[in-house]
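Trainee: Structure supplied as entry39.txt; contents: compact mmCIF, C-alpha atoms.
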# COMPACT_ATOMS: atom_id res chain seq x y z
CA MET A 1 292.11 63.26 70.81
CA HIS A 2 291.26 59.74 69.60
CA ARG A 3 293.13 58.94 66.44
CA ASN A 4 292.82 55.55 64.83
CA PRO A 5 296.46 54.67 63.99
CA ALA A 6 295.29 52.37 61.18
CA ARG A 7 293.89 55.31 59.21
CA PRO A 8 296.25 57.34 57.02
CA MET A 9 297.35 60.83 58.03
CA SER A 10 297.70 63.79 55.72
CA PRO A 11 301.25 63.89 54.33
CA HIS A 12 301.15 67.67 54.58
CA LEU A 13 304.67 68.22 55.91
CA THR A 14 306.45 65.99 53.44
CA ILE A 15 305.02 66.68 50.02
CA TRP A 16 304.61 70.45 49.59
CA LYS A 17 307.21 72.63 47.94
CA TRP A 18 308.61 75.07 50.50
CA GLY A 19 307.53 78.71 50.27
CA PRO A 20 307.74 81.87 52.41
CA HIS A 21 304.23 81.31 53.79
CA MET A 22 305.32 77.92 55.20
CA ALA A 23 308.53 79.35 56.62
CA VAL A 24 306.70 82.21 58.36
CA SER A 25 304.15 79.77 59.73
CA ILE A 26 306.63 77.36 61.29
CA LEU A 27 308.85 80.25 62.46
CA SER A 28 305.85 81.61 64.34
CA ARG A 29 305.67 78.37 66.30
CA ILE A 30 309.43 77.97 66.80
CA THR A 31 309.81 81.55 68.02
CA GLY A 32 306.71 81.13 70.20
CA VAL A 33 308.15 78.06 71.90
CA GLY A 34 311.54 79.78 72.26
CA LEU A 35 310.01 82.91 73.75
CA ALA A 36 307.84 80.84 76.10
CA LEU A 37 310.71 78.72 77.44
CA VAL A 38 313.79 80.98 77.25
CA GLY A 39 312.02 84.35 77.48
CA GLY A 40 309.69 83.12 80.22
CA ALA A 41 312.64 81.74 82.21
CA MET A 42 314.67 84.97 81.89
CA PHE A 43 311.68 87.13 82.84
CA THR A 44 310.96 84.95 85.89
CA TRP A 45 314.62 84.85 86.93
CA TRP A 46 314.85 88.66 86.71
CA LEU A 47 311.71 89.26 88.80
CA VAL A 48 312.53 86.61 91.42
CA ALA A 49 316.10 87.96 91.70
CA LEU A 50 314.70 91.46 92.16
CA ALA A 51 312.36 90.26 94.91
CA SER A 52 315.11 88.21 96.59
CA GLY A 53 317.34 91.21 97.29
CA PRO A 54 320.48 93.05 96.08
CA ASP A 55 322.75 89.97 96.15
CA ALA A 56 320.45 87.82 93.99
CA TYR A 57 319.94 90.77 91.64
CA ALA A 58 323.71 91.27 91.36
CA THR A 59 324.08 87.58 90.43
CA PHE A 60 321.42 87.99 87.73
CA GLN A 61 323.10 91.15 86.43
CA GLY A 62 326.45 89.35 86.34
CA TRP A 63 325.01 86.61 84.13
CA ALA A 64 322.87 88.96 82.06
CA THR A 65 325.82 91.18 81.10
CA TRP A 66 328.15 88.28 80.31
CA PRO A 67 329.15 88.93 76.65
CA TRP A 68 327.97 85.52 75.42
CA MET A 69 324.49 86.26 76.80
CA LEU A 70 324.17 88.73 73.92
CA VAL A 71 323.43 85.70 71.75
CA ILE A 72 320.37 84.98 73.92
CA TRP A 73 319.25 88.63 74.17
CA ILE A 74 319.59 89.27 70.44
CA GLY A 75 317.96 85.90 69.73
CA LEU A 76 315.04 86.73 72.00
CA THR A 77 314.70 90.18 70.40
CA TRP A 78 314.50 88.64 66.92
CA ALA A 79 312.07 85.95 68.15
CA ALA A 80 309.85 88.59 69.75
CA PHE A 81 309.72 90.72 66.56
CA GLN A 82 309.18 87.65 64.35
CA HIS A 83 306.39 86.31 66.59
CA ALA A 84 304.71 89.73 66.98
CA LEU A 85 304.82 90.59 63.26
CA SER A 86 303.61 87.09 62.43
CA GLY A 87 300.77 87.55 64.92
CA ILE A 88 299.79 90.88 63.31
CA ARG A 89 299.83 89.13 59.90
CA HIS A 90 297.47 86.54 61.34
CA PHE A 91 295.04 89.22 62.50
CA VAL A 92 294.82 90.39 58.89
CA LEU A 93 294.32 86.80 57.70
CA ASP A 94 291.66 86.35 60.41
CA ILE A 95 289.48 89.06 58.85
CA GLY A 96 289.71 87.16 55.56
CA ALA A 97 292.20 89.40 53.75
CA GLY A 98 295.60 88.68 52.24
CA TYR A 99 295.04 85.18 50.87
CA GLU A 100 295.81 86.05 47.24
CA LEU A 101 298.98 84.16 46.30
CA LYS A 102 301.14 87.20 45.54
CA THR A 103 299.88 89.23 48.53
CA ASN A 104 300.36 86.28 50.86
CA LYS A 105 303.90 85.68 49.61
CA PHE A 106 304.76 89.38 49.82
CA TRP A 107 303.67 89.80 53.45
CA SER A 108 305.27 86.50 54.48
CA ILE A 109 308.62 87.81 53.20
CA MET A 110 307.98 91.24 54.76
CA VAL A 111 307.38 89.67 58.17
CA MET A 112 310.71 87.82 58.04
CA LEU A 113 312.64 90.83 56.65
CA GLY A 114 310.92 93.18 59.10
CA ALA A 115 311.87 91.06 62.10
CA ILE A 116 315.55 91.04 61.06
CA LEU A 117 315.54 94.80 60.32
CA LEU A 118 313.83 95.70 63.62
CA THR A 119 316.24 93.47 65.56
CA GLY A 120 319.22 95.16 63.86
CA LEU A 121 317.74 98.61 64.48
CA THR A 122 317.00 97.88 68.14
CA TRP A 123 320.50 96.65 68.92
CA THR A 124 322.19 99.40 66.88
CA LEU A 125 320.26 101.94 68.98
CA LEU A 126 321.08 100.10 72.22
CA PHE A 127 324.81 100.09 71.45
CA TRP A 128 324.68 103.61 70.02
CA THR A 129 323.14 105.07 73.17
CA ARG A 130 325.40 102.83 75.29
CA LEU A 131 322.40 101.59 77.22
CA PHE A 132 323.88 98.13 76.95
CA ALA A 133 327.59 98.09 77.67
CA MET B 1 267.38 55.06 63.28
CA THR B 2 270.74 53.67 62.37
CA THR B 3 271.54 50.00 62.65
CA GLU B 4 275.24 50.06 61.77
CA SER B 5 277.84 49.31 64.44
CA PRO B 6 279.60 52.43 65.77
CA ARG B 7 282.94 50.67 65.27
CA MET B 8 282.42 50.81 61.53
CA LYS B 9 282.16 54.59 61.55
CA THR B 10 284.94 57.13 61.28
CA PRO B 11 285.38 59.64 64.15
CA LEU B 12 283.85 62.30 61.90
CA GLY B 13 280.89 60.04 61.08
CA ARG B 14 280.18 59.47 64.75
CA VAL B 15 279.89 63.18 65.62
CA ARG B 16 278.26 64.40 62.40
CA GLY B 17 274.78 65.77 63.05
CA LEU B 18 275.27 66.11 66.80
CA GLY B 19 275.67 69.89 66.52
CA SER B 20 278.39 72.21 67.78
CA ALA B 21 280.08 71.61 71.14
CA ARG B 22 279.95 75.42 71.47
CA SER B 23 283.54 75.69 72.59
CA GLY B 24 285.39 75.31 69.29
CA ALA B 25 286.46 78.93 68.97
CA HIS B 26 287.13 79.37 72.69
CA HIS B 27 290.84 78.61 72.59
CA TRP B 28 291.34 80.58 69.36
CA TRP B 29 289.66 83.66 70.84
CA HIS B 30 291.63 83.54 74.10
CA GLU B 31 294.94 83.16 72.27
CA ARG B 32 294.11 86.28 70.19
CA LEU B 33 292.92 88.26 73.21
CA SER B 34 295.98 87.42 75.31
CA SER B 35 298.30 88.20 72.38
CA VAL B 36 296.99 91.76 72.01
CA ALA B 37 297.13 92.35 75.77
CA SER B 38 300.67 90.93 76.02
CA LEU B 39 301.91 92.95 73.05
CA ILE B 40 300.62 96.26 74.46
CA LEU B 41 301.95 95.50 77.94
CA LEU B 42 305.35 94.28 76.65
CA VAL B 43 305.81 97.53 74.68
CA TRP B 44 304.98 99.44 77.88
CA PHE B 45 307.44 97.22 79.81
CA PHE B 46 310.43 97.74 77.52
CA VAL B 47 309.77 101.46 77.00
CA SER B 48 309.58 101.86 80.79
CA LEU B 49 312.86 99.97 81.32
CA LEU B 50 314.62 102.06 78.66
CA ARG B 51 313.37 105.28 80.28
CA LEU B 52 314.95 104.37 83.62
CA PRO B 53 318.24 106.19 84.29
CA ASP B 54 319.86 102.89 85.30
CA LEU B 55 318.95 99.22 85.60
CA ASP B 56 320.60 98.74 89.01
CA TYR B 57 318.78 97.28 92.00
CA PRO B 58 317.57 100.47 93.78
CA THR B 59 316.31 102.11 90.57
CA VAL B 60 314.40 99.08 89.26
CA ARG B 61 313.03 98.29 92.72
CA GLU B 62 311.76 101.80 93.27
CA TRP B 63 310.17 101.87 89.81
CA LEU B 64 308.39 98.54 90.28
CA ALA B 65 307.06 99.49 93.73
CA ALA B 66 304.94 102.33 92.27
CA PRO B 67 301.28 101.43 91.61
CA LEU B 68 301.42 102.50 87.95
CA ALA B 69 304.30 100.11 87.36
CA ALA B 70 303.24 97.24 89.62
CA VAL B 71 299.68 96.94 88.28
CA PRO B 72 300.56 96.79 84.55
CA MET B 73 303.35 94.38 85.52
CA LEU B 74 300.86 92.06 87.28
CA LEU B 75 298.59 92.23 84.23
CA LEU B 76 301.54 91.50 81.93
CA ILE B 77 302.41 88.40 83.97
CA VAL B 78 298.81 87.12 83.76
CA THR B 79 298.34 87.74 80.01
CA MET B 80 301.83 86.55 79.05
CA PHE B 81 301.71 83.26 80.99
CA TRP B 82 298.14 82.70 79.80
CA HIS B 83 299.24 83.19 76.16
CA LEU B 84 302.41 81.11 76.58
CA ALA B 85 300.55 78.19 78.19
CA GLY B 86 297.89 78.21 75.45
CA GLY B 87 300.52 78.32 72.70
CA LEU B 88 302.65 75.51 74.12
CA ARG B 89 299.48 73.42 74.58
CA VAL B 90 298.61 73.70 70.88
CA VAL B 91 302.15 72.72 69.86
CA VAL B 92 301.96 69.57 72.03
CA GLU B 93 298.46 68.73 70.80
CA ASP B 94 299.65 69.05 67.19
CA TYR B 95 302.91 67.12 67.37
CA VAL B 96 302.68 64.64 70.28
CA HIS B 97 300.30 61.87 69.22
CA GLU B 98 300.97 59.21 71.82
CA GLU B 99 298.33 59.63 74.56
CA GLY B 100 300.65 58.98 77.51
CA SER B 101 303.37 61.47 76.59
CA LYS B 102 300.77 63.99 75.40
CA LEU B 103 299.14 63.88 78.83
CA PHE B 104 302.56 64.25 80.49
CA TRP B 105 303.47 67.36 78.46
CA LEU B 106 300.03 68.97 78.84
CA VAL B 107 300.18 68.56 82.64
CA LEU B 108 303.77 69.84 82.72
CA ILE B 109 302.81 72.93 80.69
CA ALA B 110 299.77 73.64 82.87
CA PHE B 111 301.65 73.23 86.17
CA GLY B 112 304.87 74.82 84.93
CA SER B 113 303.20 77.97 83.61
CA LEU B 114 301.09 78.26 86.76
CA PHE B 115 304.25 77.96 88.89
CA GLY B 116 306.12 80.54 86.78
CA ALA B 117 303.21 82.97 86.92
CA GLY B 118 302.90 82.42 90.68
CA LEU B 119 306.60 83.19 91.22
CA CYS B 120 306.38 86.38 89.14
CA LEU B 121 303.16 87.60 90.75
CA PHE B 122 304.60 87.03 94.22
CA ALA B 123 307.83 88.85 93.29
CA VAL B 124 305.95 91.95 92.13
CA ALA B 125 303.59 91.85 95.12
CA LYS B 126 306.53 91.64 97.52
CA LEU B 127 308.25 94.65 95.93
CA ALA B 128 305.02 96.65 95.68
CA PHE B 129 303.89 96.03 99.23
CA GLY B 130 307.31 96.92 100.62
CA GLY B 131 309.25 93.98 102.24
CA GLY B 132 312.96 93.75 102.08
Give the structure from the file, written as structure tokens.
Mentor:
Amino acid sequence: MHRNPARPMSPHLTIWKWGPHMAVSILSRITGVGLALVGGAMFTWWLVALASGPDAYATFQGWATWPWMLVIWIGLTWAAFQHALSGIRHFVLDIGAGYELKTNKFWSIMVMLGAILLTGLTWTLLFWTRLFA
Amino acid sequence: MTTESPRMKTPLGRVRGLGSARSGAHHWWHERLSSVASLILLVWFFVSLLRLPDLDYPTVREWLAAPLAAVPMLLLIVTMFWHLAGGLRVVVEDYVHEEGSKLFWLVLIAFGSLFGAGLCLFAVAKLAFGGG
């Protein structure tokens, strides 16, 4: 909490060569903040609208099914998969496994690929079954 | 006994040898615990929504009023807002270094997440206990 501004800080963000492990790490934070703010707001809006009655719920549904809102829904879906897979990766790292350079790189890439694949699969299924139309 | 002025020591030097504060892993553990709980409950939440015949007002309302939907929903709200508040706090602590704005953001996160959780908990309680 008490940092002496006269002392140098680690230049960690500026000097390292970028790799998948760094991308997956910062994506975990970015998606976490996105889910917390946008996801949290949508979740709260939905529940409060539901508790406020049919008119408020109809207003929510009107906004939620607006075609451009798909950008937010698909974005949140990807963020949720990215954050969850990244979290599962961290549980493995927490037990002390997966730090070998090749293994670490492999699973970092798999987390990012997996999140994109699962997002694509989810929305293909949603459109396929016409649950979202 | 040391005779050197404390101002000459680094922050690390000042605390070295004082022992553990015994709360270092507290935040880490709670963030892990709330993540597992939120993940399980979110999977339940989305599977339940997809199993509903429709997402219109009467259907969703009736579903959420049942005890086996309302209770997991209340738990989801608690674990999710707990996890979200803890995560946002770490981000602010890591990137906001000026004490004044750090304090501002930490208070905003604490109050904001409490307010959001309160709204959601009340919404579920109102539906579950039958009002209109």
Trainee: Between A:Gly62, A:Pro54, A:Gly75, A:Pro20, which has the minimum distance to chain B (counting only C-alpha atoms)?
Mentor: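 Residue with the minimum atom-to-atom distance to chain B: A:Pro54.
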Trainee: Which residues of chain B come within 7 Å of chain A, and for each one, what is the closest pair of atoms and their distance in Å to one decimal, counting only C-alpha atoms, sorted by chain and residue number, as JSON lines?
Mentor:
{"residue": "B:Tyr57", "atom": "CA", "partner": "A:Pro54", "partner_atom": "CA", "distance": 6.1}
{"residue": "B:Leu84", "atom": "CA", "partner": "A:Ala36", "partner_atom": "CA", "distance": 5.5}
{"residue": "B:Leu88", "atom": "CA", "partner": "A:Val33", "partner_atom": "CA", "distance": 6.5}
{"residue": "B:Gly116", "atom": "CA", "partner": "A:Thr44", "partner_atom": "CA", "distance": 6.6}
{"residue": "B:Leu119", "atom": "CA", "partner": "A:Val48", "partner_atom": "CA", "distance": 6.8}
{"residue": "B:Cys120", "atom": "CA", "partner": "A:Thr44", "partner_atom": "CA", "distance": 5.8}
{"residue": "B:Ala123", "atom": "CA", "partner": "A:Ala51", "partner_atom": "CA", "distance": 5.0}
{"residue": "B:Lys126", "atom": "CA", "partner": "A:Ala51", "partner_atom": "CA", "distance": 6.5}
{"residue": "B:Leu127", "atom": "CA", "partner": "A:Ala51", "partner_atom": "CA", "distance": 6.1}
{"residue": "B:Gly132", "atom": "CA", "partner": "A:Gly53", "partner_atom": "CA", "distance": 7.0}
Trainee: Skip region 34-44 of chain B itself and residues of its chain fewer than 4 positions away, then list as a PyMOL selection string all residues within 7 Å of it, counting only C-alpha atoms.
Mentor: chain B and resi 30+48+72+76+79-80+82-83
Trainee: Go ahead and save the residues from that selection, with C-alpha atoms, as a PDB file, in the coordinates of the input.
Mentor:
ATOM      1  CA  HIS B  30     291.630  83.540  74.100  1.00  0.00           C
ATOM      2  CA  SER B  48     309.580 101.860  80.790  1.00  0.00           C
ATOM      3  CA  PRO B  72     300.560  96.790  84.550  1.00  0.00           C
ATOM      4  CA  LEU B  76     301.540  91.500  81.930  1.00  0.00           C
ATOM      5  CA  THR B  79     298.340  87.740  80.010  1.00  0.00           C
ATOM      6  CA  MET B  80     301.830  86.550  79.050  1.00  0.00           C
ATOM      7  CA  TRP B  82     298.140  82.700  79.800  1.00  0.00           C
ATOM      8  CA  HIS B  83     299.240  83.190  76.160  1.00  0.00           C
TER       9      HIS B  83
END
Trainee: Hey, can you check how far CA of Gly39 (chain A) sits from CA of Leu76 (chain A)?
Mentor: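 Rounded to one decimal, the two atoms are 6.7 Å apart.
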Trainee: Excluding region 63-69 of chain B and residues on its chain fewer than 2 positions from it, collect all residues at most 9 Å away from it, counting all atoms listed in the file, and give them as a ChimeraX atom specification.
Mentor: /B:45,48,52,58-61,71-74,124-130
Trainee: Determine the axis-aligned bounding box of all atoms of region 78-82 of chain B present in the file, pad each side by 4 Å, and express its centre and edge lengths in Å to one decimal place as JSON.
Mentor:
{"center_x": 300.0, "center_y": 85.2, "center_z": 81.4, "size_x": 11.7, "size_y": 13.0, "size_z": 12.7}
Trainee: Calculated over all atoms listed in the file, which of the candidates B:Val90, B:Met8, B:Leu33, B:Ala85 has the smallest distance to Ala110 (chain B)?
Mentor: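 Of the candidates, the smallest distance to Ala110 (chain B) is held by B:Ala85.
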Trainee: Smallest atom-to-atom distance to Thr77 (chain A): which of A:Ile116, A:Ala64, A:Ala97, A:Met22, using all atoms listed in the file?
Mentor: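 Checking each of A:Ile116, A:Ala64, A:Ala97, A:Met22 against Thr77 (chain A), counting all atoms listed in the file, the winner is A:Ile116.
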Trainee: With only C-alpha atoms as the basis for distance, which of A:Gly120, A:Gly19, A:Gly96, A:Pro8 is at the shortest distance from Ile74 (chain A)?
Mentor: A:Gly120
Trainee: Record the distance separating CA of Leu117 (chain A) and CA of Ile95 (chain A), expressed in Å with one decimal.
Mentor: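 Between these atoms lies a distance of 26.7 Å.
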Trainee: Which of these, A:Leu125, A:Val38, A:Val71, A:Val24, has the shortest distance to Asn104 (chain A) once you count all atoms listed in the file?
Mentor: A:Val24
Trainee: Have a look at CA of Ser101 (chain B) and CA of Ala25 (chain B) and let me know their distance in Å, one decimal.
Mentor: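 Going from CA of Ser101 (chain B) over to CA of Ala25 (chain B) covers 25.5 Å.
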Trainee: Pick out the closest residue to Trp73 (chain A) from this set: A:Trp123, A:Leu27, A:Lys105, A:Phe60. Count only C-alpha atoms.
Mentor: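 Result for the nearest residue to Trp73 (chain A): A:Trp123.
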